[in-house]
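Asks: Quick one, query_38.cif (mmCIF, C-alpha atoms):
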```cif
data_data
#
loop_
_atom_site.label_atom_id
_atom_site.label_comp_id
_atom_site.auth_asym_id
_atom_site.auth_seq_id
_atom_site.Cartn_x
_atom_site.Cartn_y
_atom_site.Cartn_z
CA MET J 1 0.00 0.00 0.00
CA ARG J 2 1.32 3.46 -0.91
CA LEU J 3 1.63 5.70 2.11
CA VAL J 4 0.70 9.37 2.06
CA SER J 5 3.70 11.44 0.98
CA LEU J 6 4.96 14.68 2.46
CA ASP J 7 4.21 16.40 -0.86
CA ARG J 8 0.60 15.28 -0.64
CA ILE J 9 0.31 16.72 2.88
CA HIS J 10 1.80 20.02 1.71
CA LYS J 11 -0.78 20.14 -1.09
CA ALA J 12 -3.53 19.53 1.47
CA ARG J 13 -2.18 22.41 3.52
CA THR J 14 -2.35 24.74 0.53
CA LEU J 15 -5.90 23.58 -0.14
CA LEU J 16 -6.89 24.28 3.48
CA GLU J 17 -5.61 27.85 3.55
CA GLY J 18 -8.49 30.11 4.48
CA VAL J 19 -10.61 27.11 5.51
CA ILE J 20 -8.98 26.12 8.79
CA ARG J 21 -7.13 27.98 11.53
CA GLN J 22 -3.51 27.43 12.47
CA THR J 23 -4.24 26.57 16.06
CA PRO J 24 -2.07 27.90 18.90
CA MET J 25 0.68 26.05 20.75
CA GLU J 26 0.48 26.50 24.54
CA HIS J 27 3.49 26.03 26.83
CA ALA J 28 2.41 23.73 29.72
CA ARG J 29 4.91 24.85 32.35
CA ASP J 30 3.18 22.90 35.11
CA LEU J 31 4.14 19.61 33.37
CA ARG J 32 7.79 20.51 32.80
CA GLN J 33 9.17 19.05 36.03
CA MET J 34 7.29 15.77 35.56
CA HIS J 35 9.00 15.24 32.19
CA ASN J 36 12.36 16.95 32.72
CA GLY J 37 11.83 19.33 29.83
CA ALA J 38 9.42 21.53 27.94
CA VAL J 39 5.86 20.35 27.28
CA TYR J 40 3.56 22.04 24.76
CA LEU J 41 -0.12 21.59 23.94
CA LYS J 42 -1.29 21.87 20.31
CA CYS J 43 -4.81 23.29 20.66
CA GLU J 44 -6.90 21.61 17.96
CA ASN J 45 -9.81 21.94 20.39
CA LEU J 46 -9.84 25.57 19.17
CA GLN J 47 -10.10 24.52 15.51
CA ARG J 48 -13.24 25.21 13.46
CA THR J 49 -15.99 22.76 14.48
CA GLY J 50 -14.01 22.15 17.69
CA SER J 51 -11.61 19.47 16.42
CA PHE J 52 -9.01 18.54 13.79
CA LYS J 53 -11.60 16.62 11.74
CA ILE J 54 -12.42 19.52 9.40
CA ARG J 55 -8.91 19.14 7.92
CA GLY J 56 -9.43 15.61 6.63
CA ALA J 57 -13.10 16.01 5.77
CA TYR J 58 -12.54 19.08 3.61
CA THR J 59 -9.54 17.51 1.85
CA ARG J 60 -11.54 14.36 1.06
CA ILE J 61 -14.69 16.09 -0.18
CA HIS J 62 -12.70 18.60 -2.25
CA GLY J 63 -11.08 15.65 -4.03
CA LEU J 64 -14.43 14.33 -5.31
CA SER J 65 -15.47 14.91 -8.90
CA ASP J 66 -18.32 17.29 -9.75
CA ALA J 67 -20.54 14.28 -10.47
CA GLU J 68 -19.75 12.72 -7.09
CA ARG J 69 -20.42 15.94 -5.24
CA ALA J 70 -23.74 16.26 -7.02
CA ARG J 71 -24.81 12.94 -5.45
CA GLY J 72 -24.00 14.24 -1.97
CA VAL J 73 -21.90 12.72 0.78
CA VAL J 74 -22.70 10.51 3.76
CA ALA J 75 -20.75 9.97 6.97
CA ALA J 76 -20.96 8.20 10.32
CA SER J 77 -19.56 9.65 13.50
CA ALA J 78 -19.95 10.05 17.25
CA GLY J 79 -19.66 13.79 16.72
CA ASN J 80 -16.41 15.41 15.61
CA HIS J 81 -16.16 13.86 12.14
CA ALA J 82 -19.88 14.56 11.72
CA GLN J 83 -19.33 18.27 12.29
CA GLY J 84 -16.25 18.33 10.07
CA VAL J 85 -18.12 16.68 7.18
CA ALA J 86 -21.17 18.90 7.67
CA LEU J 87 -19.15 22.12 7.51
CA ALA J 88 -16.89 20.93 4.68
CA ALA J 89 -19.89 19.87 2.59
CA SER J 90 -21.55 23.23 3.21
CA LEU J 91 -18.41 25.12 2.15
CA LEU J 92 -18.06 23.00 -0.98
CA GLY J 93 -21.75 23.17 -1.97
CA THR J 94 -22.75 19.54 -1.54
CA LYS J 95 -25.47 17.86 0.52
CA ALA J 96 -24.34 15.98 3.64
CA THR J 97 -26.20 13.17 5.38
CA VAL J 98 -24.71 12.12 8.70
CA PHE J 99 -25.49 9.06 10.81
CA MET J 100 -24.71 9.28 14.52
CA PRO J 101 -25.12 6.74 17.35
CA GLU J 102 -28.46 6.89 19.13
CA ARG J 103 -26.83 8.16 22.31
CA ALA J 104 -24.55 10.73 20.68
CA PRO J 105 -24.17 13.85 22.86
CA LEU J 106 -26.99 16.29 22.11
CA PRO J 107 -24.66 19.32 21.62
CA LYS J 108 -22.78 17.40 18.89
CA VAL J 109 -26.04 16.43 17.18
CA ALA J 110 -27.29 20.02 17.32
CA ALA J 111 -23.99 21.40 16.03
CA THR J 112 -23.95 18.94 13.10
CA ARG J 113 -27.46 19.99 12.11
CA GLY J 114 -26.42 23.60 12.57
CA TYR J 115 -23.71 23.16 9.93
CA GLY J 116 -26.41 22.07 7.48
CA ALA J 117 -26.31 18.26 7.56
CA ASP J 118 -29.31 15.93 7.55
CA VAL J 119 -28.74 13.89 10.75
CA HIS J 120 -30.04 10.36 11.46
CA LEU J 121 -29.53 8.59 14.80
CA HIS J 122 -28.89 4.86 14.46
CA GLY J 123 -27.24 2.09 16.46
CA ALA J 124 -25.75 1.75 19.92
CA LEU J 125 -22.17 1.29 18.68
CA LEU J 126 -20.26 3.27 16.06
CA GLU J 127 -19.77 0.12 13.96
CA GLU J 128 -23.57 -0.18 13.63
CA THR J 129 -23.78 3.49 12.68
CA LEU J 130 -21.02 3.02 10.08
CA ALA J 131 -22.82 0.05 8.53
CA GLU J 132 -26.05 2.05 8.20
CA ALA J 133 -24.22 4.98 6.59
CA ILE J 134 -22.49 2.68 4.09
CA GLU J 135 -25.83 1.04 3.20
CA PHE J 136 -27.37 4.50 2.71
CA GLY J 137 -24.55 5.42 0.32
CA GLU J 138 -24.98 2.22 -1.68
CA ARG J 139 -28.73 2.80 -1.91
CA THR J 140 -28.69 6.50 -2.81
CA GLY J 141 -25.35 7.01 -4.55
CA ALA J 142 -24.04 9.38 -1.86
CA VAL J 143 -20.26 9.12 -1.45
CA PHE J 144 -19.21 7.67 1.90
CA ILE J 145 -16.66 9.85 3.71
CA HIS J 146 -14.77 7.56 6.07
CA PRO J 147 -13.72 9.14 9.38
CA PHE J 148 -10.11 7.90 9.10
CA ASP J 149 -9.49 5.21 6.50
CA HIS J 150 -8.69 7.16 3.33
CA GLU J 151 -5.50 8.71 1.94
CA ASP J 152 -7.08 12.17 1.51
CA VAL J 153 -8.33 12.15 5.10
CA ILE J 154 -4.89 11.15 6.38
CA ALA J 155 -3.24 13.83 4.24
CA GLY J 156 -5.58 16.47 5.68
CA GLN J 157 -4.91 15.37 9.25
CA GLY J 158 -1.19 15.36 8.47
CA THR J 159 -1.27 19.15 8.22
CA VAL J 160 -1.40 19.18 12.04
CA GLY J 161 2.07 17.60 11.96
CA LEU J 162 3.42 20.33 9.67
CA GLU J 163 2.22 23.00 12.09
CA VAL J 164 3.78 21.18 15.06
CA LEU J 165 7.18 21.14 13.35
CA GLU J 166 6.96 24.86 12.56
CA GLN J 167 5.77 25.89 16.03
CA VAL J 168 8.19 23.67 17.99
CA PRO J 169 11.11 22.93 15.59
CA GLU J 170 13.12 21.19 18.31
CA VAL J 171 10.30 18.78 19.23
CA GLY J 172 11.46 15.36 20.50
CA THR J 173 8.13 13.53 20.97
CA VAL J 174 4.62 14.08 19.61
CA LEU J 175 1.73 12.48 21.53
CA VAL J 176 -1.46 11.91 19.55
CA ALA J 177 -4.91 10.70 20.62
CA THR J 178 -5.63 7.56 18.61
CA GLY J 179 -8.90 5.89 17.68
CA GLY J 180 -9.01 4.63 14.11
CA GLY J 181 -5.53 6.00 13.37
CA GLY J 182 -6.22 8.79 10.86
CA LEU J 183 -4.75 11.63 12.94
CA VAL J 184 -1.73 9.75 14.27
CA GLY J 185 -1.07 8.27 10.82
CA GLY J 186 -1.19 11.72 9.19
CA VAL J 187 0.93 13.38 11.87
CA ALA J 188 3.50 10.57 11.66
CA SER J 189 3.61 10.88 7.85
CA ALA J 190 4.39 14.59 8.09
CA VAL J 191 6.79 14.41 11.03
CA LYS J 192 8.81 11.34 10.03
CA ALA J 193 9.32 12.58 6.46
CA SER J 194 10.60 15.89 7.82
CA ASN J 195 12.60 14.67 10.84
CA PRO J 196 12.82 10.89 11.38
CA ARG J 197 14.38 11.39 14.84
CA VAL J 198 11.13 12.72 16.30
CA ARG J 199 9.17 10.01 18.14
CA VAL J 200 5.46 9.78 17.39
CA VAL J 201 3.38 8.07 20.09
CA GLY J 202 -0.27 7.13 19.76
CA VAL J 203 -2.46 7.22 22.88
CA GLN J 204 -5.51 4.99 23.32
CA ALA J 205 -7.99 4.51 26.16
CA GLU J 206 -7.12 1.15 27.73
CA ASN J 207 -10.71 -0.12 27.37
CA ALA J 208 -10.84 0.84 23.67
CA ALA J 209 -7.32 0.03 22.50
CA ALA J 210 -7.53 -1.87 19.21
CA PHE J 211 -4.02 -1.06 17.99
CA PRO J 212 -1.86 -3.10 20.43
CA ASP J 213 -3.51 -6.39 19.42
CA SER J 214 -3.64 -5.35 15.77
CA LEU J 215 0.08 -4.51 15.67
CA ALA J 216 0.91 -7.77 17.45
CA ALA J 217 -1.13 -9.70 14.86
CA GLY J 218 0.28 -7.76 11.90
CA LYS J 219 -3.18 -6.74 10.65
CA PRO J 220 -6.27 -4.86 11.82
CA MET J 221 -8.04 -6.82 14.55
CA ARG J 222 -11.50 -6.19 15.94
CA LEU J 223 -11.76 -5.27 19.60
CA PRO J 224 -15.03 -6.53 21.10
CA ASN J 225 -17.08 -3.99 23.02
CA PRO J 226 -14.78 -0.95 23.27
CA HIS J 227 -16.04 1.29 26.08
CA THR J 228 -14.63 4.54 27.37
CA MET J 229 -15.76 8.05 28.28
CA ALA J 230 -13.54 9.15 25.35
CA ASP J 231 -16.16 8.46 22.68
CA GLY J 232 -14.09 10.18 19.99
CA ILE J 233 -11.46 7.41 20.12
CA ALA J 234 -13.75 4.47 20.93
CA VAL J 235 -13.06 2.67 17.64
CA GLY J 236 -13.30 -1.12 17.60
CA MET J 237 -11.06 -1.78 14.60
CA PRO J 238 -8.42 0.18 12.66
CA GLY J 239 -8.86 0.60 8.92
CA GLU J 240 -6.54 -0.99 6.37
CA VAL J 241 -5.15 2.37 5.23
CA SER J 242 -4.73 3.93 8.67
CA TYR J 243 -3.26 0.70 10.05
CA ALA J 244 -0.59 0.66 7.35
CA HIS J 245 0.51 4.20 8.28
CA VAL J 246 0.60 3.44 12.01
CA GLU J 247 2.52 0.19 11.51
CA ALA J 248 5.09 1.88 9.26
CA MET J 249 5.68 5.15 11.10
CA VAL J 250 4.30 5.33 14.65
CA ASP J 251 6.97 4.49 17.22
CA GLU J 252 4.76 3.39 20.09
CA ILE J 253 1.18 3.00 21.26
CA VAL J 254 0.46 3.63 24.96
CA THR J 255 -2.81 3.27 26.84
CA VAL J 256 -4.37 5.39 29.58
CA THR J 257 -7.01 4.75 32.22
CA GLU J 258 -10.37 6.45 32.62
CA GLU J 259 -8.99 8.08 35.77
CA SER J 260 -6.12 9.63 33.82
CA LEU J 261 -8.50 10.86 31.13
CA SER J 262 -10.69 12.61 33.68
CA ARG J 263 -7.65 14.12 35.44
CA ALA J 264 -6.37 15.36 32.08
CA VAL J 265 -9.67 17.07 31.24
CA LEU J 266 -9.62 18.71 34.67
CA LEU J 267 -5.99 19.84 34.30
CA CYS J 268 -6.70 21.44 30.91
CA LEU J 269 -9.72 23.23 32.34
CA GLU J 270 -8.13 24.30 35.63
CA ARG J 271 -4.55 25.12 34.66
CA ARG J 272 -4.76 25.96 30.95
CA LYS J 273 -8.33 27.39 30.85
CA LEU J 274 -9.08 25.08 27.93
CA VAL J 275 -12.26 23.03 27.43
CA VAL J 276 -11.14 19.65 26.07
CA GLU J 277 -13.21 16.50 25.59
CA PRO J 278 -11.90 13.19 27.03
CA ALA J 279 -10.64 11.95 23.64
CA GLY J 280 -9.00 15.30 23.02
CA ALA J 281 -7.21 15.09 26.37
CA ALA J 282 -5.82 11.57 25.82
CA ALA J 283 -2.32 12.87 25.05
CA VAL J 284 -2.31 14.85 28.31
CA ALA J 285 -3.54 11.73 30.12
CA ALA J 286 -0.44 9.93 28.83
CA LEU J 287 1.73 12.71 30.27
CA LEU J 288 0.06 12.25 33.67
CA GLU J 289 0.13 8.44 33.63
CA HIS J 290 3.64 7.95 32.22
CA PRO J 291 5.87 10.61 33.82
CA GLY J 292 9.39 10.75 32.40
CA ALA J 293 8.56 8.26 29.62
CA PHE J 294 8.86 10.67 26.68
CA GLU J 295 11.80 12.64 25.33
CA PRO J 296 11.28 16.40 25.59
CA PRO J 297 10.45 18.81 24.16
CA ILE J 298 7.06 17.12 24.05
CA VAL J 299 4.01 18.22 22.05
CA ALA J 300 0.66 16.77 23.14
CA ILE J 301 -2.11 17.32 20.58
CA LEU J 302 -5.45 18.35 22.11
CA SER J 303 -7.52 16.83 19.32
CA GLY J 304 -11.00 18.11 20.23
CA GLY J 305 -13.09 20.18 22.59
CA ASN J 306 -16.67 19.11 21.88
CA VAL J 307 -17.91 17.83 25.22
CA ASP J 308 -21.46 17.53 26.55
CA PRO J 309 -21.78 19.88 29.57
CA LEU J 310 -23.42 17.11 31.62
CA LEU J 311 -20.54 14.76 30.86
CA LEU J 312 -18.08 17.54 31.66
CA LEU J 313 -19.65 17.91 35.11
CA GLN J 314 -19.26 14.17 35.74
CA ILE J 315 -15.68 14.24 34.46
CA ILE J 316 -14.77 17.14 36.74
CA GLN J 317 -16.14 15.26 39.76
CA HIS J 318 -14.39 12.04 38.65
CA GLY J 319 -11.13 13.87 38.03
CA MET J 320 -11.21 15.61 41.39
CA THR J 321 -11.85 12.28 43.11
CA SER J 322 -8.97 10.62 41.20
CA GLY J 323 -6.68 13.49 42.14
CA GLY J 324 -7.55 13.29 45.83
CA ARG J 325 -9.60 16.48 45.76
CA TYR J 326 -12.80 14.77 46.91
CA LEU J 327 -13.01 12.40 49.87
CA LYS J 328 -15.89 10.21 51.03
CA LEU J 329 -15.48 9.48 54.76
CA HIS J 330 -17.56 6.93 56.69
CA LEU J 331 -17.60 7.34 60.47
CA ARG J 332 -19.39 5.76 63.40
CA VAL J 333 -20.28 8.27 66.11
CA PRO J 334 -22.29 8.29 69.35
CA ASP J 335 -26.00 8.97 68.87
CA ARG J 336 -26.25 11.97 71.16
CA PRO J 337 -26.73 15.72 70.71
CA GLY J 338 -23.60 17.51 69.59
CA SER J 339 -21.81 14.51 67.96
CA LEU J 340 -22.44 15.69 64.41
CA ALA J 341 -21.51 19.26 65.32
CA ALA J 342 -18.26 18.01 66.89
CA VAL J 343 -17.30 16.08 63.73
CA LEU J 344 -18.07 19.04 61.48
CA GLN J 345 -16.17 21.41 63.74
CA ARG J 346 -13.05 19.19 63.57
CA VAL J 347 -13.39 18.86 59.80
CA SER J 348 -13.57 22.65 59.53
CA GLU J 349 -10.46 23.05 61.72
CA LEU J 350 -8.61 20.64 59.39
CA GLY J 351 -9.44 22.83 56.38
CA ALA J 352 -11.85 20.59 54.44
CA ASN J 353 -15.07 21.80 52.86
CA VAL J 354 -18.21 19.74 53.54
CA LEU J 355 -20.23 19.05 50.39
CA ASP J 356 -22.74 16.51 51.67
CA VAL J 357 -23.74 14.78 54.93
CA GLU J 358 -25.63 11.48 55.34
CA HIS J 359 -26.79 10.46 58.83
CA SER J 360 -28.21 6.94 59.29
CA ARG J 361 -29.37 4.79 62.22
CA ILE J 362 -30.40 1.87 59.98
CA SER J 363 -27.66 -0.77 59.96
CA GLY J 364 -27.35 -4.21 61.46
CA ALA J 365 -23.69 -3.47 62.25
CA LEU J 366 -24.54 -0.56 64.57
CA GLU J 367 -24.46 -0.90 68.34
CA LEU J 368 -27.27 0.63 70.33
CA GLY J 369 -26.60 4.33 70.67
CA GLU J 370 -24.47 4.64 67.49
CA VAL J 371 -25.11 6.21 64.09
CA ASP J 372 -23.35 5.96 60.77
CA LEU J 373 -22.13 9.24 59.31
CA SER J 374 -20.99 9.72 55.70
CA LEU J 375 -19.25 12.93 54.72
CA ALA J 376 -18.44 14.07 51.19
CA LEU J 377 -15.54 16.50 51.48
CA GLU J 378 -13.60 18.77 49.17
CA THR J 379 -9.90 18.47 50.05
CA ARG J 380 -6.51 19.79 48.98
CA GLY J 381 -5.07 16.50 47.72
CA PRO J 382 -4.06 12.96 48.73
CA GLU J 383 -1.93 14.03 51.72
CA HIS J 384 -4.78 16.14 53.09
CA CYS J 385 -7.13 13.14 52.71
CA ARG J 386 -4.80 10.96 54.79
CA GLU J 387 -4.47 13.71 57.41
CA LEU J 388 -8.26 14.03 57.74
CA GLY J 389 -8.77 10.31 58.36
CA LYS J 390 -5.93 10.15 60.89
CA GLU J 391 -6.95 13.27 62.84
CA LEU J 392 -10.62 12.28 63.05
CA GLN J 393 -9.59 8.87 64.34
CA ASN J 394 -7.32 10.53 66.92
CA ALA J 395 -10.24 12.76 67.98
CA GLY J 396 -12.16 9.65 69.06
CA PHE J 397 -14.37 9.10 66.02
CA THR J 398 -14.37 5.62 64.45
CA VAL J 399 -13.36 5.94 60.78
CA GLN J 400 -14.79 3.02 58.78
CA PRO J 401 -12.89 1.46 55.84
#
```
Now, as a test, write the supplied structure out as structure tokens.
Replies:
Amino acid sequence: MRLVSLDRIHKARTLLEGVIRQTPMEHARDLRQMHNGAVYLKCENLQRTGSFKIRGAYTRIHGLSDAERARGVVAASAGNHAQGVALAASLLGTKATVFMPERAPLPKVAATRGYGADVHLHGALLEETLAEAIEFGERTGAVFIHPFDHEDVIAGQGTVGLEVLEQVPEVGTVLVATGGGGLVGGVASAVKASNPRVRVVGVQAENAAAFPDSLAAGKPMRLPNPHTMADGIAVGMPGEVSYAHVEAMVDEIVTVTEESLSRAVLLCLERRKLVVEPAGAAAVAALLEHPGAFEPPIVAILSGGNVDPLLLLQIIQHGMTSGGRYLKLHLRVPDRPGSLAAVLQRVSELGANVLDVEHSRISGALELGEVDLSLALETRGPEHCRELGKELQNAGFTVQP
């Protein structure tokens, strides 16, 4: 299989002038010590439509003939590719039909319709949505725009790599969120052709990581039931084209936990003032989960920022819990006036903020004259959590496991 050339990526970049933004590169100084060198964030979450997908979608649709464009295009996506195809089709004057999973985030569905696409919700998994979109194309003549498995798409995504090399010429490692492999394959094509010494590392959610098994087998392998909060990279099987690029040019694939993904979203929001979806924060999650593992200067690509506000709220709570910023304490205290006030007074003296209190006398494990007390607390970190448990125990309250 012929891989996408550097010349083809440069042509895509020329094509995209005036269509996309050159997104900023932020210096993440708070991550420098963890990795013994400079860390930068490439902010594709600030791209048009909120992700890098417009690059590949526009390049692919522009490459269609007039007759093909007249038949319209069809796509399947959990959200970001849908918006990229919808906007690209609108700019190029062709009709877009987009299939999205039944439980796709409502803001992504609304945004896709807002860009002019006809949206259909189908299937619980993306593979089911893809199959329906392909069948629609075969039935109507609409051209299927694959989210990652096409040379034009990979060439368009490769323009991110060109910008990285210009913005951080001394880059040592590029970390890229990886689902089907279109972005990491494109970035690797651009970076390796320009400077083979730069390491390109793909990052997958550990519960949706199809590439490790595929690379071990030497061909794309299907991962049963991928599940992760990072819906943008929850792809069950690489494509033939994207797989070939990853196998040939990507140096390493690492995986990250759901906890690291939520912590990464929280870090971007809190420290960088950037709204990033879980898939978009996967590269930052790798920085948090694998300290010192990558050669600096490091560029982590924030691939998207389209996150449902309700999910964002859950992620913030999950991230704060993972980072030791929330603590759930279970205590057994005497059932007499003033016991609850005494606990809360000691918690206040220790500098924790009480978020919720549950007071229960219904338990077979309780002795007569005892109550169970559950406190949800906002804390300053893991050390503060340990201090709270120890000091409450020393104050005479029984801290339950």
Asks: Find, counting all atoms listed in the file, the residue in J:Thr129, J:Ile61, J:Ser189, J:Cys268 that gets nearest to Leu91 in chain J.
Replies: J:Ile61
Asks: Could you check which of J:Ala78, J:Ala282, J:Ala177, J:Leu312 is closest to Asp231 in chain J, using only C-alpha atoms?
Replies: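 Of all the options, J:Ala78 lies closest to Asp231 in chain J.
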Asks: Choose the residue, out of J:Thr23, J:Thr14, J:Pro334, J:Gly186, that has the smallest atom-to-atom separation from Glu367 in chain J; count all atoms listed in the file.
Replies: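 Looking only at the distances to Glu367 in chain J, the closest residue turns out to be J:Pro334.
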Asks: Could you work out how far CA of Val254 in chain J lies from CA of Ser242 in chain J, giving the answer in Å with one decimal?
Replies: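 If I compute the distance from CA of Ser242 in chain J to CA of Val254 in chain J, I get 17.1 Å.
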Asks: Hey, can you check how far CA of Gly158 in chain J sits from CA of Lys219 in chain J?
Replies: 22.3 Å
Asks: Between J:Leu327, J:Ala376, J:Val168, J:Val184, which is the closest to Ala38 in chain J once you count all atoms listed in the file?
Replies: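 Nearest candidate to Ala38 in chain J out of J:Leu327, J:Ala376, J:Val168, J:Val184: J:Val168.
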Asks: Just want the 9 Å neighbourhood of Thr255 in chain J, counted on only C-alpha atoms, with same-chain residues fewer than 2 positions away dropped. Output as a PyMOL selection string.
Replies: chain J and resi 202-209+253+257+282+286
Asks: Name the residues that the PyMOL selection byres ((chain J and resi 93-96) around 9) picks from the file above, as a ChimeraX atom specification, using the file's chain letters and numbers.
Replies: /J:61,69-75,85-92,97-98,116-119,142
Asks: Between J:Glu127, J:Glu259, J:Glu358, J:Glu44, which has the minimum distance to Val160 in chain J (counting all atoms listed in the file)?
Replies: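 So, comparing all the options, the nearest one is J:Glu44.
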Asks: Which residues are near Ala155 in chain J? Cut-off 10 Å, only C-alpha atoms, ignore same chain within fewer than 3 positions. Put them as number ranges by chain.
Replies: J: 3-13, 55-56, 59-60, 150-152, 158-160, 182-183, 185-187, 189-190
Asks: Can you spell out as number ranges by chain the set of residues that the PyMOL selection byres ((chain J and resi 298) around 8) selects in the structure I just provided?
Replies: J: 37-40, 171-175, 294-297, 299-300
Asks: Please produce an output containing C-alpha atoms for each residue in the selection, written as a PDB file, in the frame of the given file.
Replies:
```
ATOM      1  CA  GLY J  37      11.830  19.330  29.830  1.00  0.00           C
ATOM      2  CA  ALA J  38       9.420  21.530  27.940  1.00  0.00           C
ATOM      3  CA  VAL J  39       5.860  20.350  27.280  1.00  0.00           C
ATOM      4  CA  TYR J  40       3.560  22.040  24.760  1.00  0.00           C
ATOM      5  CA  VAL J 171      10.300  18.780  19.230  1.00  0.00           C
ATOM      6  CA  GLY J 172      11.460  15.360  20.500  1.00  0.00           C
ATOM      7  CA  THR J 173       8.130  13.530  20.970  1.00  0.00           C
ATOM      8  CA  VAL J 174       4.620  14.080  19.610  1.00  0.00           C
ATOM      9  CA  LEU J 175       1.730  12.480  21.530  1.00  0.00           C
ATOM     10  CA  PHE J 294       8.860  10.670  26.680  1.00  0.00           C
ATOM     11  CA  GLU J 295      11.800  12.640  25.330  1.00  0.00           C
ATOM     12  CA  PRO J 296      11.280  16.400  25.590  1.00  0.00           C
ATOM     13  CA  PRO J 297      10.450  18.810  24.160  1.00  0.00           C
ATOM     14  CA  VAL J 299       4.010  18.220  22.050  1.00  0.00           C
ATOM     15  CA  ALA J 300       0.660  16.770  23.140  1.00  0.00           C
TER      16      ALA J 300
END
```
Asks: I'd like the interatomic distance between CA of Leu126 in chain J and CA of Gly236 in chain J, to a tenth of an Å.
Replies: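 Answer for the CA of Leu126 in chain J to CA of Gly236 in chain J separation: 8.4 Å.
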Asks: Fewer than 4 positions away in the same chain doesn't count, so skip those; otherwise give me all residues within 12 Å of Leu388 in chain J, counting all atoms listed in the file, as a PDB file with C-alpha atoms, in the coordinates of the input.
Replies:
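Below is the file that was written, result.pdb:
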```pdb
ATOM      1  CA  GLY J 324      -7.550  13.290  45.830  1.00  0.00           C
ATOM      2  CA  TYR J 326     -12.800  14.770  46.910  1.00  0.00           C
ATOM      3  CA  LEU J 327     -13.010  12.400  49.870  1.00  0.00           C
ATOM      4  CA  LYS J 328     -15.890  10.210  51.030  1.00  0.00           C
ATOM      5  CA  LEU J 329     -15.480   9.480  54.760  1.00  0.00           C
ATOM      6  CA  HIS J 330     -17.560   6.930  56.690  1.00  0.00           C
ATOM      7  CA  LEU J 331     -17.600   7.340  60.470  1.00  0.00           C
ATOM      8  CA  VAL J 343     -17.300  16.080  63.730  1.00  0.00           C
ATOM      9  CA  LEU J 344     -18.070  19.040  61.480  1.00  0.00           C
ATOM     10  CA  ARG J 346     -13.050  19.190  63.570  1.00  0.00           C
ATOM     11  CA  VAL J 347     -13.390  18.860  59.800  1.00  0.00           C
ATOM     12  CA  SER J 348     -13.570  22.650  59.530  1.00  0.00           C
ATOM     13  CA  GLU J 349     -10.460  23.050  61.720  1.00  0.00           C
ATOM     14  CA  LEU J 350      -8.610  20.640  59.390  1.00  0.00           C
ATOM     15  CA  GLY J 351      -9.440  22.830  56.380  1.00  0.00           C
ATOM     16  CA  ALA J 352     -11.850  20.590  54.440  1.00  0.00           C
ATOM     17  CA  ASN J 353     -15.070  21.800  52.860  1.00  0.00           C
ATOM     18  CA  LEU J 375     -19.250  12.930  54.720  1.00  0.00           C
ATOM     19  CA  LEU J 377     -15.540  16.500  51.480  1.00  0.00           C
ATOM     20  CA  GLU J 378     -13.600  18.770  49.170  1.00  0.00           C
ATOM     21  CA  THR J 379      -9.900  18.470  50.050  1.00  0.00           C
ATOM     22  CA  ARG J 380      -6.510  19.790  48.980  1.00  0.00           C
ATOM     23  CA  GLY J 381      -5.070  16.500  47.720  1.00  0.00           C
ATOM     24  CA  PRO J 382      -4.060  12.960  48.730  1.00  0.00           C
ATOM     25  CA  GLU J 383      -1.930  14.030  51.720  1.00  0.00           C
ATOM     26  CA  HIS J 384      -4.780  16.140  53.090  1.00  0.00           C
ATOM     27  CA  LEU J 392     -10.620  12.280  63.050  1.00  0.00           C
ATOM     28  CA  GLN J 393      -9.590   8.870  64.340  1.00  0.00           C
ATOM     29  CA  ASN J 394      -7.320  10.530  66.920  1.00  0.00           C
ATOM     30  CA  ALA J 395     -10.240  12.760  67.980  1.00  0.00           C
ATOM     31  CA  PHE J 397     -14.370   9.100  66.020  1.00  0.00           C
ATOM     32  CA  VAL J 399     -13.360   5.940  60.780  1.00  0.00           C
TER      33      VAL J 399
END
```
Asks: As number ranges by chain, please: the residues near range 272-280 of chain J (cut-off 9 Å, only C-alpha atoms, same-chain neighbours under 5 positions excluded).
Replies: J: 26, 28, 43-46, 51, 176-179, 204-205, 229-234, 258, 261-262, 264-267, 301-308, 312, 315
Asks: Now that the selection is made, can you save its residues with C-alpha atoms as a short mmCIF file (atom, residue, chain, number, x, y, z; two decimals), in the coordinates of the input?
Replies:
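Contents of again_22.cif, freshly written:
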```
data_model
loop_
_atom_site.label_atom_id
_atom_site.label_comp_id
_atom_site.auth_asym_id
_atom_site.auth_seq_id
_atom_site.Cartn_x
_atom_site.Cartn_y
_atom_site.Cartn_z
CA GLU J 26 0.48 26.50 24.54
CA ALA J 28 2.41 23.73 29.72
CA CYS J 43 -4.81 23.29 20.66
CA GLU J 44 -6.90 21.61 17.96
CA ASN J 45 -9.81 21.94 20.39
CA LEU J 46 -9.84 25.57 19.17
CA SER J 51 -11.61 19.47 16.42
CA VAL J 176 -1.46 11.91 19.55
CA ALA J 177 -4.91 10.70 20.62
CA THR J 178 -5.63 7.56 18.61
CA GLY J 179 -8.90 5.89 17.68
CA GLN J 204 -5.51 4.99 23.32
CA ALA J 205 -7.99 4.51 26.16
CA MET J 229 -15.76 8.05 28.28
CA ALA J 230 -13.54 9.15 25.35
CA ASP J 231 -16.16 8.46 22.68
CA GLY J 232 -14.09 10.18 19.99
CA ILE J 233 -11.46 7.41 20.12
CA ALA J 234 -13.75 4.47 20.93
CA GLU J 258 -10.37 6.45 32.62
CA LEU J 261 -8.50 10.86 31.13
CA SER J 262 -10.69 12.61 33.68
CA ALA J 264 -6.37 15.36 32.08
CA VAL J 265 -9.67 17.07 31.24
CA LEU J 266 -9.62 18.71 34.67
CA LEU J 267 -5.99 19.84 34.30
CA ILE J 301 -2.11 17.32 20.58
CA LEU J 302 -5.45 18.35 22.11
CA SER J 303 -7.52 16.83 19.32
CA GLY J 304 -11.00 18.11 20.23
CA GLY J 305 -13.09 20.18 22.59
CA ASN J 306 -16.67 19.11 21.88
CA VAL J 307 -17.91 17.83 25.22
CA ASP J 308 -21.46 17.53 26.55
CA LEU J 312 -18.08 17.54 31.66
CA ILE J 315 -15.68 14.24 34.46
#
```
